[in-house]
$ cat target38.txt   # compact mmCIF, C-alpha atoms
# COMPACT_ATOMS: atom_id res chain seq x y z
CA MET A 1 -15.27 5.87 23.36
CA LYS A 2 -11.59 5.34 23.91
CA ASP A 3 -10.45 7.91 21.36
CA ILE A 4 -11.48 10.51 18.79
CA SER A 5 -11.10 8.16 15.82
CA TYR A 6 -13.74 5.82 17.31
CA HIS A 7 -16.12 8.74 17.90
CA ILE A 8 -15.73 9.81 14.28
CA LEU A 9 -16.47 6.29 13.03
CA ASP A 10 -19.53 6.20 15.29
CA ILE A 11 -21.01 9.59 14.34
CA VAL A 12 -20.43 8.99 10.64
CA GLN A 13 -22.56 5.83 11.02
CA ASN A 14 -25.39 8.18 12.02
CA SER A 15 -24.83 10.20 8.85
CA LEU A 16 -24.88 7.04 6.75
CA HIS A 17 -28.08 5.80 8.39
CA ALA A 18 -29.59 9.19 7.58
CA GLY A 19 -28.86 8.53 3.92
CA ALA A 20 -26.04 11.04 3.54
CA GLU A 21 -24.12 10.97 0.27
CA GLN A 22 -21.61 13.61 1.34
CA ILE A 23 -19.86 13.61 4.67
CA ILE A 24 -17.21 16.08 5.76
CA VAL A 25 -15.08 15.47 8.85
CA ASP A 26 -13.08 18.46 10.09
CA VAL A 27 -10.47 18.14 12.82
CA ALA A 28 -8.78 21.36 13.93
CA GLU A 29 -6.01 21.26 16.51
CA GLU A 30 -4.69 24.46 18.07
CA THR A 31 -1.73 23.69 20.27
CA LYS A 32 -1.48 27.32 21.53
CA ASN A 33 -5.03 27.36 22.93
CA GLY A 34 -4.92 23.66 23.75
CA THR A 35 -8.12 22.91 21.85
CA LEU A 36 -9.29 20.26 19.43
CA GLY A 37 -12.34 21.00 17.36
CA LEU A 38 -14.29 18.22 15.70
CA LYS A 39 -16.98 18.90 13.13
CA ILE A 40 -18.93 16.24 11.29
CA LYS A 41 -21.23 17.47 8.56
CA ASP A 42 -23.56 15.46 6.38
CA ASN A 43 -26.27 15.97 3.80
CA GLY A 44 -28.57 13.30 5.19
CA LEU A 45 -32.13 13.40 6.38
CA GLY A 46 -31.51 15.87 9.18
CA MET A 47 -33.68 16.34 12.24
CA THR A 48 -36.71 18.39 13.15
CA SER A 49 -36.33 20.71 16.15
CA ASP A 50 -38.18 18.11 18.26
CA GLU A 51 -35.81 15.35 17.20
CA LEU A 52 -32.87 17.67 17.81
CA LYS A 53 -34.02 18.23 21.39
CA VAL A 54 -33.83 14.52 22.21
CA ALA A 55 -30.84 13.60 20.05
CA THR A 56 -28.44 13.64 22.99
CA ASP A 57 -30.81 11.74 25.25
CA PRO A 58 -29.23 8.31 25.68
CA PHE A 59 -32.70 6.75 25.77
CA TYR A 60 -33.69 8.22 22.41
CA THR A 61 -32.82 6.29 19.26
CA THR A 62 -34.01 5.81 15.71
CA SER A 63 -32.90 2.18 15.90
CA VAL A 64 -35.61 -0.47 16.08
CA THR A 65 -33.39 -3.15 17.59
CA LYS A 66 -32.57 -1.39 20.83
CA LYS A 67 -33.84 1.21 23.27
CA VAL A 68 -30.69 3.32 23.65
CA GLY A 69 -28.76 5.62 21.34
CA LEU A 70 -25.39 6.27 22.88
CA GLY A 71 -23.25 7.76 20.09
CA LEU A 72 -24.11 11.43 20.51
CA PRO A 73 -24.44 11.45 24.32
CA LEU A 74 -21.07 9.70 24.72
CA LEU A 75 -19.31 12.22 22.45
CA LYS A 76 -20.99 15.09 24.29
CA GLN A 77 -19.89 13.64 27.62
CA ASN A 78 -16.29 13.18 26.54
CA ALA A 79 -16.05 16.70 25.12
CA GLU A 80 -17.64 18.28 28.19
CA LEU A 81 -15.51 16.26 30.60
CA THR A 82 -12.47 18.08 29.20
CA GLY A 83 -14.18 21.41 29.73
CA GLY A 84 -15.18 21.60 26.08
CA THR A 85 -18.48 22.12 24.29
CA PHE A 86 -20.90 20.18 22.17
CA HIS A 87 -23.77 21.17 19.94
CA ILE A 88 -25.69 20.00 16.91
CA LYS A 89 -27.19 21.97 14.05
CA SER A 90 -29.67 20.27 11.81
CA VAL A 91 -32.22 21.11 9.14
CA LYS A 92 -34.78 18.48 8.16
CA ASN A 93 -34.11 17.11 4.67
CA HIS A 94 -30.89 19.09 4.40
CA GLY A 95 -28.44 17.60 6.81
CA THR A 96 -26.80 17.72 10.17
CA VAL A 97 -23.61 19.14 11.65
CA VAL A 98 -22.21 17.82 14.91
CA PHE A 99 -19.71 20.09 16.71
CA ALA A 100 -17.52 18.93 19.57
CA GLU A 101 -14.71 20.96 21.08
CA PHE A 102 -12.23 19.36 23.44
CA ILE A 103 -9.75 21.12 25.73
CA SER A 104 -6.71 19.02 24.88
CA THR A 105 -4.68 20.13 27.89
CA ASN A 106 -7.28 18.78 30.26
CA ILE A 107 -6.41 15.62 32.17
CA ASP A 108 -9.54 13.89 30.83
CA MET A 109 -8.66 14.47 27.18
CA ILE A 110 -8.89 11.33 25.07
CA PRO A 111 -6.24 10.47 22.48
CA MET A 112 -6.64 10.99 18.73
CA GLY A 113 -6.56 7.29 17.99
CA ASP A 114 -6.06 5.65 14.62
CA MET A 115 -7.53 8.10 12.11
CA ALA A 116 -6.17 6.20 9.13
CA LEU A 117 -7.92 3.01 10.23
CA THR A 118 -11.23 4.79 10.83
CA PHE A 119 -11.21 6.33 7.35
CA LYS A 120 -9.98 3.15 5.72
CA THR A 121 -12.94 1.39 7.37
CA LEU A 122 -15.45 4.01 6.23
CA ILE A 123 -14.18 4.03 2.67
CA ALA A 124 -13.92 0.23 2.45
CA MET A 125 -17.58 -0.13 3.37
CA ASN A 126 -18.89 2.91 1.51
CA PRO A 127 -16.75 3.34 -1.60
CA GLU A 128 -19.47 5.25 -3.42
CA LYS A 129 -19.92 7.97 -0.81
CA ASP A 130 -18.14 11.34 -0.90
CA ILE A 131 -16.15 11.46 2.30
CA THR A 132 -13.89 14.43 2.97
CA TYR A 133 -11.44 14.43 5.86
CA ARG A 134 -9.69 17.70 6.71
CA HIS A 135 -7.12 17.77 9.46
CA LYS A 136 -5.64 21.05 10.58
CA ARG A 137 -2.85 21.40 13.09
CA ASP A 138 -2.01 25.02 13.90
CA GLY A 139 -1.27 26.56 10.51
CA GLN A 140 -1.00 23.36 8.50
CA GLU A 141 -3.64 21.10 7.08
CA PHE A 142 -4.15 18.20 4.81
CA ILE A 143 -7.30 17.12 3.00
CA LEU A 144 -8.45 13.69 1.94
CA ASP A 145 -11.26 13.85 -0.60
CA THR A 146 -12.68 10.56 -1.85
CA ALA A 147 -14.54 12.33 -4.65
CA GLU A 148 -11.21 13.58 -5.98
CA ILE A 149 -9.62 10.13 -5.62
CA ARG A 150 -12.56 8.57 -7.41
CA ARG A 151 -12.19 11.05 -10.29
CA GLU A 152 -8.54 10.12 -10.65
CA LEU A 153 -9.10 6.37 -10.44
CA GLY A 154 -11.99 6.22 -12.89
CA ASP A 155 -13.40 2.69 -12.97
CA ILE A 156 -11.27 1.34 -10.16
CA PRO A 157 -13.41 1.04 -7.02
CA LEU A 158 -12.14 2.75 -3.88
CA ASN A 159 -12.48 -0.44 -1.86
CA THR A 160 -9.81 -2.18 -3.91
CA HIS A 161 -7.17 -3.42 -1.50
CA GLU A 162 -4.29 -1.42 -3.00
CA VAL A 163 -6.34 1.78 -2.99
CA LEU A 164 -7.25 1.28 0.67
CA ASP A 165 -3.55 0.78 1.44
CA TYR A 166 -2.72 3.94 -0.49
CA ILE A 167 -5.32 5.89 1.51
CA THR A 168 -4.08 4.46 4.83
CA ASN A 169 -0.47 5.41 4.03
CA LEU A 170 -1.58 8.81 2.78
CA ILE A 171 -3.33 9.64 6.03
CA GLN A 172 -0.55 8.28 8.24
CA GLY A 173 2.13 10.13 6.28
CA SER A 174 0.19 13.37 6.12
CA LEU A 175 -0.54 13.36 9.85
CA LYS A 176 3.13 12.75 10.61
CA ALA A 177 4.08 15.64 8.33
CA LEU A 178 1.69 17.94 10.20
CA SER A 179 3.61 17.36 13.41
CA LYS A 180 6.83 18.78 12.02
CA MET B 1 5.95 40.24 12.60
CA ILE B 2 3.24 40.28 9.94
CA ARG B 3 5.91 39.54 7.36
CA ARG B 4 7.13 36.55 9.40
CA THR B 5 3.54 35.23 9.72
CA LEU B 6 3.01 35.62 5.99
CA GLU B 7 6.27 33.81 5.30
CA ILE B 8 5.14 30.90 7.45
CA ILE B 9 1.72 30.76 5.77
CA PHE B 10 3.36 30.91 2.35
CA ALA B 11 5.84 28.16 3.24
CA ASN B 12 3.04 25.99 4.61
CA GLN B 13 1.03 26.49 1.45
CA ILE B 14 3.98 25.47 -0.72
CA LYS B 15 4.58 22.44 1.49
CA TYR B 16 0.89 21.53 1.20
CA ASP B 17 0.91 21.97 -2.59
CA MET B 18 4.10 19.92 -2.99
CA ASN B 19 2.62 17.14 -0.87
CA LYS B 20 -0.56 17.28 -2.90
CA ILE B 21 1.38 17.01 -6.17
CA LYS B 22 3.36 14.07 -4.85
CA ASN B 23 0.16 12.36 -3.63
CA LEU B 24 -1.49 12.91 -6.99
CA ALA B 25 1.54 11.44 -8.77
CA ASP B 26 1.45 8.40 -6.46
CA LEU B 27 -2.27 8.01 -7.14
CA ARG B 28 -1.80 8.11 -10.91
CA GLU B 29 0.97 5.56 -10.67
CA LEU B 30 -1.34 3.35 -8.61
CA LYS B 31 -4.09 3.72 -11.18
CA ASP B 32 -1.81 2.58 -14.00
CA LYS B 33 -0.68 -0.42 -11.98
CA LEU B 34 -4.24 -1.42 -11.07
CA GLN B 35 -5.74 -0.98 -14.50
CA SER B 36 -3.49 -3.61 -15.99
CA LYS B 37 -4.23 -5.89 -13.04
CA THR B 38 -8.04 -5.65 -13.05
CA LYS B 39 -8.22 -6.55 -16.72
CA LEU B 40 -7.22 -10.08 -15.75
CA ARG B 41 -9.88 -10.43 -13.06
CA ASP B 42 -13.41 -11.25 -14.08
CA LYS B 43 -15.69 -8.87 -12.23
CA SER B 44 -18.89 -10.00 -13.85
CA GLU B 45 -20.07 -11.98 -10.81
CA ALA B 46 -23.66 -11.03 -9.99
CA PRO B 47 -24.36 -9.95 -6.39
CA GLU B 48 -26.43 -13.09 -5.70
CA GLY B 49 -23.46 -15.29 -6.50
CA LEU B 50 -21.21 -13.53 -4.03
CA ILE B 51 -20.56 -14.07 -0.36
CA HIS B 52 -22.01 -11.24 1.73
CA VAL B 53 -20.42 -10.33 5.04
CA LYS B 54 -22.03 -7.70 7.25
CA VAL B 55 -20.26 -6.35 10.32
CA ALA B 56 -22.40 -4.55 12.88
CA MET B 57 -21.02 -1.05 13.34
CA ALA B 58 -23.23 0.71 15.90
CA THR B 59 -21.91 2.39 19.05
CA CYS B 60 -21.61 -0.68 21.27
CA CYS B 61 -20.15 -2.63 18.37
CA ILE B 62 -17.41 -0.06 17.76
CA ALA B 63 -16.71 0.07 21.50
CA SER B 64 -16.23 -3.72 21.42
CA GLY B 65 -13.79 -3.74 18.52
CA SER B 66 -15.89 -4.09 15.35
CA ARG B 67 -13.58 -1.71 13.46
CA GLU B 68 -10.64 -4.06 14.04
CA THR B 69 -12.76 -7.13 13.22
CA MET B 70 -14.03 -5.59 10.00
CA ASN B 71 -10.55 -4.63 8.83
CA TYR B 72 -9.19 -8.06 9.68
CA ILE B 73 -11.93 -9.68 7.59
CA VAL B 74 -11.37 -7.34 4.63
CA ASP B 75 -7.59 -7.87 4.72
CA GLU B 76 -7.78 -11.65 5.15
CA LEU B 77 -10.38 -12.18 2.43
CA ASP B 78 -8.14 -10.25 0.07
CA LYS B 79 -5.02 -12.18 1.14
CA ARG B 80 -6.77 -15.51 0.65
CA ASN B 81 -8.28 -14.37 -2.65
CA ILE B 82 -11.86 -14.87 -1.53
CA GLU B 83 -14.23 -12.52 -3.25
CA ALA B 84 -16.95 -11.17 -0.99
CA VAL B 85 -18.94 -8.04 -0.36
CA VAL B 86 -18.13 -6.69 3.12
CA THR B 87 -20.34 -3.93 4.47
CA GLN B 88 -21.42 -2.39 7.72
CA THR B 89 -24.83 -2.79 9.21
CA GLY B 90 -26.57 -1.02 12.05
CA CYS B 91 -27.30 -2.57 15.40
CA MET B 92 -28.55 -6.12 14.92
CA GLY B 93 -29.64 -6.20 18.56
CA TYR B 94 -27.00 -8.63 19.86
CA CYS B 95 -25.15 -6.05 21.91
CA TYR B 96 -24.17 -8.65 24.55
CA ALA B 97 -22.20 -10.60 21.94
CA GLU B 98 -20.32 -7.87 20.10
CA PRO B 99 -18.57 -7.80 17.67
CA THR B 100 -21.17 -9.57 15.58
CA VAL B 101 -20.83 -10.58 11.95
CA GLU B 102 -23.47 -11.87 9.57
CA VAL B 103 -22.28 -14.20 6.81
CA ALA B 104 -24.50 -15.07 3.87
CA LEU B 105 -23.06 -17.75 1.61
CA PRO B 106 -24.68 -17.92 -1.84
CA GLY B 107 -27.89 -19.90 -1.68
CA LYS B 108 -27.74 -20.34 2.09
CA GLU B 109 -29.54 -18.59 4.95
CA PRO B 110 -27.46 -15.84 6.54
CA LEU B 111 -25.81 -16.81 9.84
CA VAL B 112 -24.92 -14.39 12.61
CA PHE B 113 -21.77 -15.03 14.63
CA GLY B 114 -21.04 -13.41 17.98
CA TYR B 115 -17.85 -12.46 19.88
CA VAL B 116 -16.00 -12.18 16.58
CA ASP B 117 -12.45 -11.08 17.26
CA ALA B 118 -9.59 -11.65 14.80
CA ARG B 119 -9.15 -15.24 15.97
CA LYS B 120 -12.85 -16.05 15.56
CA ALA B 121 -12.95 -14.25 12.21
CA ASN B 122 -10.08 -16.41 11.03
CA GLU B 123 -12.01 -19.53 12.05
CA ILE B 124 -15.15 -18.29 10.27
CA ILE B 125 -13.20 -17.62 7.08
CA GLU B 126 -11.26 -20.89 7.15
CA LYS B 127 -14.12 -23.18 8.14
CA TYR B 128 -17.45 -21.59 7.27
CA ILE B 129 -16.68 -19.37 4.29
CA LYS B 130 -14.22 -21.73 2.64
CA SER B 131 -15.86 -25.09 3.43
CA GLY B 132 -19.34 -24.44 4.79
CA ILE B 133 -18.43 -26.07 8.12
CA LEU B 134 -20.46 -24.58 10.96
CA VAL B 135 -18.46 -22.79 13.61
CA GLU B 136 -19.28 -22.32 17.32
CA GLY B 137 -20.81 -19.05 18.41
CA ILE B 138 -23.74 -18.81 16.02
CA ILE B 139 -26.50 -16.58 17.38
CA PRO B 140 -29.91 -18.07 16.64
CA VAL B 141 -31.98 -15.54 14.77
CA ASN B 142 -35.66 -16.10 15.43
CA TYR B 143 -37.40 -13.36 13.51
CA LYS B 144 -39.28 -15.86 11.36
CA LYS B 145 -40.82 -17.53 14.40
CA ILE B 146 -41.97 -14.20 15.83
CA GLU B 147 -43.78 -13.39 12.59
CA GLN B 148 -45.55 -16.76 12.68
$ encode --input "target38.txt" --output "structure tokens"
Amino acid sequence: MKDISYHILDIVQNSLHAGAEQIIVDVAEETKNGTLGLKIKDNGLGMTSDELKVATDPFYTTSVTKKVGLGLPLLKQNAELTGGTFHIKSVKNHGTVVFAEFISTNIDMIPMGDMALTFKTLIAMNPEKDITYRHKRDGQEFILDTAEIRRELGDIPLNTHEVLDYITNLIQGSLKALSK
Amino acid sequence: MIRRTLEIIFANQIKYDMNKIKNLADLRELKDKLQSKTKLRDKSEAPEGLIHVKVAMATCCIASGSRETMNYIVDELDKRNIEAVVTQTGCMGYCYAEPTVEVALPGKEPLVFGYVDARKANEIIEKYIKSGILVEGIIPVNYKKIEQ
């Protein structure tokens, strides 16, 4: 994928297909070490140890409409190309965590991309799901928690246009503030 | 040095808390504004009476721009005041024609469109969704024939 925000959108689709109701996306940037850690955790169906073994095989998929499953192998490839690491932890019927670490100083590092648009997309299509996005940059972090937003908004659905705009601006503003 | 580190952590925490309070205040203001607005809109439309739009969102779809297509559709439907349910779907199998979008008008068979960029999405909304006029680029879906 061209950037991290596309990878996140892609892997979260896996979580949604696995029936996850809670998804947590953690991005941790350390400018001193030059690393970017990505962690995507869900409480979906999870995988058995056999399924886990083939998860990063591009020719393994749970889809019935095609013979390839490229999401995980592409993320693994991009992380490892920068000299980073990739691994998956999963427990059947409990959930899955995908870990990818990128070396951001490496010439093959991909850009962050449009995080606000990725989360706006996820929330627009899945307003009932609990999606948490935590972005840490060195000492600072900000957290977007749709469960908290839903509690505040009461009856108003999260995929209302104005709410999606609010969320988009919130993410863009918060990310900009982290850079200072 | 420890004191300096603690000062930075403390300052960051205050900054985070202040941002959080401001965000919460903005959110509450938004809620008040929306609550008075949604009272005027009738949301009692049953799902069968609504237009359903599904945007394929698998790996090859995302790589081909389905995120942008989906957001364009959501934004434009809202701008033109067309009520529809827009969701993602997994791979529909038409990877050669991504981004693909399935549109199901009430009472009609769902149609799948291929190569849907913003321009094509605009055409689909203007012609097919608004007036039922068929648009070029429909992917024939033959699952019924296979079953027979």
$ residues_around --input "target38.txt" --residues "range 172-175 of chain A" --least-positions-apart "3" --cutoff "7 Å" --atoms "only C-alpha atoms" --output "NGL selection string"
:A and (116 or 142 or 168-169 or 178-179)
$ closest_residue --input "target38.txt" --among "B:Lys31, B:Lys15, B:Lys54, B:Arg4" --to "Tyr166 in chain A" --atoms "only C-alpha atoms"
B:Lys31
$ interface_residues --input "target38.txt" --of "chain B" --to "chain A" --cutoff "6 Å" --atoms "all atoms listed in the file" --output "compact mmCIF listing (two decimals) with C-alpha atoms, in the frame of the given file"
# COMPACT_ATOMS: atom_id res chain seq x y z
CA LYS B 31 -4.09 3.72 -11.18
CA THR B 59 -21.91 2.39 19.05
CA THR B 87 -20.34 -3.93 4.47
CA GLY B 93 -29.64 -6.20 18.56
$ atom_distance --input "target38.txt" --atom1 "CA of Pro58 in chain A" --atom2 "CA of Lys76 in chain A"
10.8 Å
$ atom_distance --input "target38.txt" --atom1 "CA of Phe10 in chain B" --atom2 "CA of Lys32 in chain A"
20.1 Å
$ residues_around --input "target38.txt" --residues "range 87-94 of chain A" --least-positions-apart "4" --cutoff "9 Å" --atoms "all atoms listed in the file" --output "list in words"
Asp42, Asn43, Gly44, Leu45, Gly46, Met47, Thr48, Ser49, Leu52, Ala55, Lys76, Val98, Phe99 and Ala100 of chain A
$ closest_residue --input "target38.txt" --among "A:Thr82, A:Thr96, A:Asn106, A:Thr31" --to "Glu51 in chain A" --atoms "all atoms listed in the file"
A:Thr96
$ residues_around --input "target38.txt" --residues "Tyr128 in chain B" --least-positions-apart "4" --cutoff "12 Å" --atoms "all atoms listed in the file" --output "VMD selection string"
chain B and resid 51 53 102 to 105 108 110 to 113 120 to 124 132 to 138
$ residues_near_point --input "target38.txt" --point "(-14.7, -6.3, 14.9)" --cutoff "12 Å" --atoms "all atoms listed in the file" --output "tab-separated table (two decimals) with C-alpha atoms, keeping the file's coordinate frame"
chain	number	residue	atom	x	y	z
A	121	THR	CA	-12.94	1.39	7.37
B	54	LYS	CA	-22.03	-7.70	7.25
B	55	VAL	CA	-20.26	-6.35	10.32
B	56	ALA	CA	-22.40	-4.55	12.88
B	57	MET	CA	-21.02	-1.05	13.34
B	58	ALA	CA	-23.23	0.71	15.90
B	60	CYS	CA	-21.61	-0.68	21.27
B	61	CYS	CA	-20.15	-2.63	18.37
B	62	ILE	CA	-17.41	-0.06	17.76
B	63	ALA	CA	-16.71	0.07	21.50
B	64	SER	CA	-16.23	-3.72	21.42
B	65	GLY	CA	-13.79	-3.74	18.52
B	66	SER	CA	-15.89	-4.09	15.35
B	67	ARG	CA	-13.58	-1.71	13.46
B	68	GLU	CA	-10.64	-4.06	14.04
B	69	THR	CA	-12.76	-7.13	13.22
B	70	MET	CA	-14.03	-5.59	10.00
B	71	ASN	CA	-10.55	-4.63	8.83
B	72	TYR	CA	-9.19	-8.06	9.68
B	73	ILE	CA	-11.93	-9.68	7.59
B	74	VAL	CA	-11.37	-7.34	4.63
B	88	GLN	CA	-21.42	-2.39	7.72
B	97	ALA	CA	-22.20	-10.60	21.94
B	98	GLU	CA	-20.32	-7.87	20.10
B	99	PRO	CA	-18.57	-7.80	17.67
B	100	THR	CA	-21.17	-9.57	15.58
B	101	VAL	CA	-20.83	-10.58	11.95
B	102	GLU	CA	-23.47	-11.87	9.57
B	113	PHE	CA	-21.77	-15.03	14.63
B	114	GLY	CA	-21.04	-13.41	17.98
B	115	TYR	CA	-17.85	-12.46	19.88
B	116	VAL	CA	-16.00	-12.18	16.58
B	117	ASP	CA	-12.45	-11.08	17.26
B	118	ALA	CA	-9.59	-11.65	14.80
B	119	ARG	CA	-9.15	-15.24	15.97
B	120	LYS	CA	-12.85	-16.05	15.56
B	121	ALA	CA	-12.95	-14.25	12.21
B	122	ASN	CA	-10.08	-16.41	11.03
$ residues_near_point --input "target38.txt" --point "(-4.2, 20.5, 25.0)" --cutoff "9 Å" --atoms "only C-alpha atoms" --output "list in words"
Glu29, Glu30, Thr31, Lys32, Asn33, Gly34, Thr35, Leu36, Phe102, Ile103, Ser104, Thr105, Asn106, Ile107 and Met109 of chain A
